[in-house]
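Student: Sharing work.cif, mmCIF, C-alpha atoms:
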data_work
#
loop_
_atom_site.label_atom_id
_atom_site.label_comp_id
_atom_site.auth_asym_id
_atom_site.auth_seq_id
_atom_site.Cartn_x
_atom_site.Cartn_y
_atom_site.Cartn_z
CA MET U 29 130.59 -73.43 73.55
CA THR U 30 131.07 -73.58 69.79
CA PRO U 31 128.01 -74.83 67.87
CA ASP U 32 129.76 -77.97 66.59
CA ARG U 33 130.49 -79.00 70.18
CA GLU U 34 126.97 -78.74 71.55
CA TRP U 35 126.11 -81.53 73.95
CA THR U 36 123.33 -83.28 72.10
CA ALA U 37 121.35 -85.97 73.91
CA ASP U 38 123.17 -88.70 71.99
CA ARG U 39 126.61 -87.32 72.81
CA VAL U 40 125.78 -86.96 76.49
CA GLU U 41 124.32 -90.47 76.64
CA ARG U 42 127.52 -91.96 75.21
CA TRP U 43 129.71 -90.03 77.64
CA LEU U 44 127.61 -91.07 80.60
CA ARG U 45 127.72 -94.71 79.56
CA LEU U 46 131.50 -94.64 79.20
CA ALA U 47 132.36 -92.18 82.00
CA ASP U 48 134.31 -94.71 84.07
CA ASP U 49 136.31 -95.90 81.04
CA ILE U 50 137.16 -92.33 80.11
CA ASP U 51 138.22 -91.48 83.65
CA ARG U 52 140.55 -94.50 83.83
CA GLN U 53 142.01 -93.61 80.45
CA LEU U 54 142.72 -90.05 81.56
CA LEU U 55 144.10 -90.99 84.98
CA PRO U 56 147.72 -90.02 84.16
CA THR U 57 146.56 -86.53 83.18
CA THR U 58 144.54 -86.28 86.38
CA ASP U 59 147.63 -87.08 88.43
CA VAL U 60 149.57 -84.31 86.68
CA LEU U 61 146.71 -81.85 87.15
CA PHE U 62 146.52 -82.33 90.90
CA GLU U 63 150.28 -82.39 91.31
CA ARG U 64 150.46 -78.96 89.67
CA ALA U 65 147.37 -77.59 91.40
CA ALA U 66 148.72 -78.46 94.87
CA LEU U 67 145.36 -77.98 96.55
CA VAL U 68 145.30 -77.54 100.32
CA ASP U 69 142.70 -77.66 103.06
CA GLY U 70 140.41 -74.64 103.09
CA GLU U 71 140.68 -73.57 99.47
CA ARG U 72 137.67 -72.71 97.32
CA VAL U 73 137.93 -74.53 94.00
CA LEU U 74 136.03 -74.12 90.71
CA ASP U 75 136.20 -77.19 88.44
CA VAL U 76 135.33 -76.11 84.88
CA GLY U 77 133.87 -78.62 82.44
CA CYS U 78 133.55 -81.08 85.30
CA GLY U 79 131.37 -83.63 83.50
CA THR U 80 130.18 -86.26 85.95
CA GLY U 81 132.58 -84.91 88.55
CA PRO U 82 135.57 -87.26 88.95
CA THR U 83 138.04 -84.38 89.30
CA THR U 84 135.53 -82.37 91.33
CA ARG U 85 135.25 -85.10 93.93
CA GLN U 86 139.02 -85.55 94.04
CA ALA U 87 139.43 -81.82 94.59
CA ALA U 88 136.86 -81.97 97.39
CA ALA U 89 138.88 -84.66 99.13
CA ARG U 90 142.02 -82.52 98.93
CA VAL U 91 140.52 -79.33 100.37
CA PHE U 92 138.66 -81.16 103.17
CA PRO U 93 137.58 -80.31 105.82
CA SER U 94 137.17 -76.55 105.52
CA GLY U 95 137.30 -76.00 101.75
CA THR U 96 134.52 -76.05 99.17
CA VAL U 97 134.35 -77.08 95.52
CA THR U 98 132.03 -76.00 92.72
CA GLY U 99 131.67 -78.19 89.65
CA ILE U 100 130.35 -76.44 86.55
CA ASP U 101 129.42 -78.00 83.21
CA ILE U 102 127.36 -76.78 80.28
CA ALA U 103 125.52 -80.12 79.95
CA PRO U 104 122.68 -80.47 82.49
CA ALA U 105 122.66 -84.26 82.09
CA MET U 106 126.30 -84.40 83.19
CA ILE U 107 125.52 -82.39 86.32
CA ASP U 108 122.44 -84.50 87.01
CA ALA U 109 124.63 -87.61 86.86
CA ALA U 110 127.27 -86.00 89.10
CA ARG U 111 124.66 -85.23 91.74
CA GLN U 112 123.61 -88.89 91.85
CA ILE U 113 127.07 -90.11 92.86
CA PRO U 114 127.35 -90.23 96.67
CA LEU U 115 130.27 -88.42 98.28
CA GLU U 116 132.75 -90.42 100.30
CA ASP U 117 133.68 -89.58 103.87
CA GLY U 118 136.42 -86.97 104.14
CA THR U 119 135.06 -84.89 101.28
CA ALA U 120 134.39 -81.15 101.34
CA PRO U 121 131.00 -79.82 100.21
CA ILE U 122 130.40 -79.72 96.45
CA HIS U 123 128.06 -77.35 94.64
CA TRP U 124 126.97 -78.47 91.15
CA ILE U 125 126.03 -75.92 88.49
CA ALA U 126 124.77 -76.58 84.96
CA THR U 127 125.62 -73.52 82.88
CA ASP U 128 128.26 -71.98 80.62
CA ALA U 129 131.38 -70.98 82.55
CA MET U 130 132.00 -68.25 79.97
CA THR U 131 129.07 -66.21 81.27
CA TRP U 132 128.38 -67.55 84.78
CA THR U 133 128.55 -65.09 87.66
CA SER U 134 128.91 -66.11 91.29
CA THR U 135 127.43 -64.37 94.32
CA GLY U 136 129.82 -66.13 96.69
CA ASP U 137 133.39 -65.43 97.70
CA PRO U 138 136.01 -65.57 94.93
CA PHE U 139 137.74 -68.86 94.22
CA ASP U 140 141.31 -69.66 95.17
CA VAL U 141 141.78 -72.10 92.30
CA VAL U 142 140.20 -72.66 88.89
CA LEU U 143 140.76 -76.27 87.88
CA SER U 144 139.99 -78.09 84.62
CA ARG U 145 140.74 -81.40 82.98
CA PHE U 146 140.09 -80.94 79.26
CA GLY U 147 137.20 -78.56 79.90
CA LEU U 148 138.53 -75.29 78.47
CA MET U 149 138.93 -75.95 74.75
CA PHE U 150 135.43 -75.31 73.44
CA PHE U 151 134.57 -71.79 74.55
CA GLU U 152 132.90 -69.76 71.83
CA ASP U 153 135.03 -66.76 72.84
CA PRO U 154 138.13 -67.91 74.76
CA THR U 155 139.27 -64.44 75.80
CA THR U 156 135.86 -63.58 77.23
CA ALA U 157 135.67 -66.95 78.98
CA PHE U 158 139.08 -66.69 80.59
CA ALA U 159 138.39 -63.09 81.61
CA ASN U 160 135.22 -64.26 83.34
CA LEU U 161 137.11 -67.02 85.13
CA ARG U 162 139.67 -64.42 86.19
CA ALA U 163 136.89 -62.25 87.61
CA LEU U 164 135.64 -65.22 89.63
CA THR U 165 139.08 -65.78 91.18
CA ARG U 166 140.98 -64.04 93.97
CA SER U 167 143.64 -61.57 92.90
CA ASP U 168 146.29 -64.06 94.04
CA GLY U 169 144.34 -67.09 92.81
CA ARG U 170 145.56 -69.56 90.23
CA LEU U 171 144.34 -71.42 87.17
CA CYS U 172 145.56 -74.98 86.63
CA ALA U 173 144.37 -77.02 83.66
CA VAL U 174 145.34 -79.81 81.32
CA THR U 175 144.59 -79.51 77.61
CA TRP U 176 145.65 -81.53 74.59
CA SER U 177 148.92 -80.77 72.87
CA HIS U 178 149.13 -80.57 69.07
CA ARG U 179 147.16 -83.21 67.17
CA THR U 180 150.35 -84.78 65.78
CA HIS U 181 151.48 -85.51 69.35
CA ASN U 182 148.31 -87.44 70.12
CA PRO U 183 148.09 -90.85 68.44
CA LEU U 184 145.03 -91.45 70.61
CA PHE U 185 143.21 -89.24 68.10
CA GLU U 186 145.24 -89.84 64.96
CA LEU U 187 145.71 -93.61 65.01
CA PRO U 188 142.05 -94.69 64.71
CA MET U 189 141.61 -92.53 61.60
CA GLN U 190 144.81 -93.85 60.07
CA VAL U 191 143.78 -97.46 60.71
CA ALA U 192 140.41 -96.79 59.09
CA LEU U 193 142.11 -95.28 56.06
CA ASP U 194 144.57 -98.15 55.73
CA THR U 195 142.11 -101.01 56.26
CA ILE U 196 138.86 -99.66 54.82
CA ALA U 197 139.12 -96.57 52.66
CA GLY U 198 142.31 -97.62 50.89
CA PRO U 199 141.31 -101.18 49.91
CA LEU U 200 137.86 -99.99 48.79
CA GLY U 201 139.30 -97.17 46.73
CA LEU U 202 137.44 -94.53 48.72
CA PRO U 203 138.81 -90.98 48.75
CA ALA U 204 140.63 -89.98 51.90
CA PRO U 205 138.74 -87.38 53.93
CA GLU U 206 140.16 -83.92 54.33
CA PRO U 207 142.33 -83.81 57.45
CA PRO U 208 140.83 -81.70 60.23
CA PRO U 209 142.49 -78.38 61.05
CA PRO U 210 145.44 -78.88 63.41
CA ASP U 211 144.01 -76.52 66.01
CA ASP U 212 140.29 -77.27 65.96
CA GLY U 213 138.07 -78.66 68.70
CA PRO U 214 140.06 -80.45 71.40
CA PHE U 215 143.28 -78.91 70.08
CA SER U 216 142.20 -75.27 70.18
CA LEU U 217 144.58 -74.62 73.10
CA SER U 218 147.48 -76.70 71.79
CA ASP U 219 149.69 -73.72 70.87
CA PRO U 220 151.45 -72.40 74.00
CA THR U 221 152.08 -69.00 72.40
CA TYR U 222 148.38 -68.59 71.67
CA VAL U 223 147.38 -69.76 75.15
CA GLU U 224 149.77 -67.36 76.83
CA ALA U 225 148.47 -64.46 74.72
CA VAL U 226 144.80 -65.24 75.41
CA LEU U 227 145.29 -65.70 79.15
CA THR U 228 147.37 -62.55 79.44
CA GLU U 229 144.76 -60.53 77.56
CA ALA U 230 142.11 -62.00 79.87
CA GLY U 231 143.94 -60.69 82.93
CA TRP U 232 145.94 -63.70 84.10
CA ARG U 233 149.59 -63.17 84.89
CA ASP U 234 152.71 -65.33 85.20
CA VAL U 235 151.28 -67.74 82.62
CA VAL U 236 153.27 -70.96 82.17
CA CYS U 237 152.48 -73.68 79.62
CA GLN U 238 154.38 -76.92 80.14
CA PRO U 239 154.23 -79.89 77.74
CA VAL U 240 154.00 -83.18 79.63
CA PRO U 241 154.52 -86.39 77.63
CA LEU U 242 152.24 -89.13 78.94
CA ARG U 243 151.20 -92.58 77.82
CA LEU U 244 147.43 -93.11 77.91
CA ALA U 245 145.96 -96.58 77.58
CA VAL U 246 142.87 -96.70 75.37
CA GLY U 247 140.04 -97.98 77.52
CA GLY U 248 141.99 -97.39 80.71
CA GLY U 249 143.62 -100.80 81.00
CA GLN U 250 140.77 -102.94 79.70
CA SER U 251 141.36 -105.92 77.45
CA PRO U 252 142.12 -104.95 73.82
CA ALA U 253 138.67 -106.13 72.71
CA ALA U 254 136.87 -104.20 75.45
CA ALA U 255 138.98 -101.11 74.83
CA ALA U 256 138.23 -101.23 71.10
CA ALA U 257 134.52 -101.62 71.75
CA SER U 258 134.57 -98.72 74.19
CA SER U 259 136.46 -96.50 71.76
CA MET U 260 134.07 -97.30 68.90
CA ASP U 261 131.08 -96.67 71.15
CA LEU U 262 132.37 -93.27 72.15
CA GLY U 263 132.98 -92.33 68.54
CA HIS U 264 133.47 -88.70 67.56
CA THR U 265 133.07 -86.52 70.62
#
Show me the file's structure as structure tokens.
Tutor:
Amino acid sequence: MTPDREWTADRVERWLRLADDIDRQLLPTTDVLFERAALVDGERVLDVGCGTGPTTRQAAARVFPSGTVTGIDIAPAMIDAARQIPLEDGTAPIHWIATDAMTWTSTGDPFDVVLSRFGLMFFEDPTTAFANLRALTRSDGRLCAVTWSHRTHNPLFELPMQVALDTIAGPLGLPAPEPPPPDDGPFSLSDPTYVEAVLTEAGWRDVVCQPVPLRLAVGGGQSPAAAAASSMDLGHT
């Protein structure tokens, strides 16, 4: 993970407090992820950057009864929280691991599927990370992930800053901050050409990147006031 994305105690605490709101907000992307992944009973699944495990538990329900799922996240507090959530009936076994997926090695059988919902963008060395994930996967296995498209296609990120500039910085005569790089942080995998090159170099084949336009509701369908409060509480993550 890049140094500026380290999971400090404060950042983890905010994510844990707002985990349900975030999951509801990202539900349309989750639906796309599982539609593309097409998990079936018996598969071994690795969920990278699993957080508190919402996608991990959904994967476990889809590969039940004879499959298994491993959820991996670099933040121990996230994994601790995931372990505290009871599994529902009809769910395959889940193994929780708190470590960096870029360097983790498994002693078990290779995975059929590597899955991730916005958990792949912050590797310190993407090529090394994806090569390691490839080594953890069967020769005929697959990687299915959702990542953010270009920053300009995501008003969820751009709009709050623009509102702040228009309503606060502008009227007060404050200088506008320098815009962030278009491909930093969450958007590091927003260029399909770059993604295809990195994955191919890492040993993956038949790489396909498909833009999917979706409408995400800030706060996941809460009232405007609650959604605004949730968004402000989450802050810069």
Student: What is the CA of Ala103 in chain U-CA of Glu63 in chain U distance in Å, reported with one decimal?
Tutor: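 Those two atoms sit 27.3 Å apart.
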Student: U:Ile125, U:Trp43, U:Pro56, U:Gly118: which is nearest Val240 in chain U, counting only C-alpha atoms?
Tutor: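 Among U:Ile125, U:Trp43, U:Pro56, U:Gly118, it is U:Pro56 that comes nearest to Val240 in chain U.
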Student: One decimal, Å: what's the distance from CA of Leu148 in chain U over to CA of Gly95 in chain U, could you say?
Tutor: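 Going from CA of Leu148 in chain U over to CA of Gly95 in chain U covers 23.3 Å.
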Student: Convert the output of the PyMOL selection byres ((chain U and resi 64) around 12) on the shown file into explicit residues, formatted as a compact mmCIF listing (two decimals) with C-alpha atoms, keeping the file's coordinate frame.
Tutor:
# COMPACT_ATOMS: atom_id res chain seq x y z
CA THR U 57 146.56 -86.53 83.18
CA THR U 58 144.54 -86.28 86.38
CA ASP U 59 147.63 -87.08 88.43
CA VAL U 60 149.57 -84.31 86.68
CA LEU U 61 146.71 -81.85 87.15
CA PHE U 62 146.52 -82.33 90.90
CA GLU U 63 150.28 -82.39 91.31
CA ALA U 65 147.37 -77.59 91.40
CA ALA U 66 148.72 -78.46 94.87
CA LEU U 67 145.36 -77.98 96.55
CA VAL U 68 145.30 -77.54 100.32
CA VAL U 141 141.78 -72.10 92.30
CA LEU U 143 140.76 -76.27 87.88
CA SER U 144 139.99 -78.09 84.62
CA ARG U 170 145.56 -69.56 90.23
CA LEU U 171 144.34 -71.42 87.17
CA CYS U 172 145.56 -74.98 86.63
CA ALA U 173 144.37 -77.02 83.66
CA VAL U 174 145.34 -79.81 81.32
CA VAL U 236 153.27 -70.96 82.17
CA CYS U 237 152.48 -73.68 79.62
CA GLN U 238 154.38 -76.92 80.14
CA VAL U 240 154.00 -83.18 79.63
Student: Rounded to one decimal place, report the CA of Pro121 in chain U-CA of Ala87 in chain U distance in Å.
Tutor: 10.3 Å
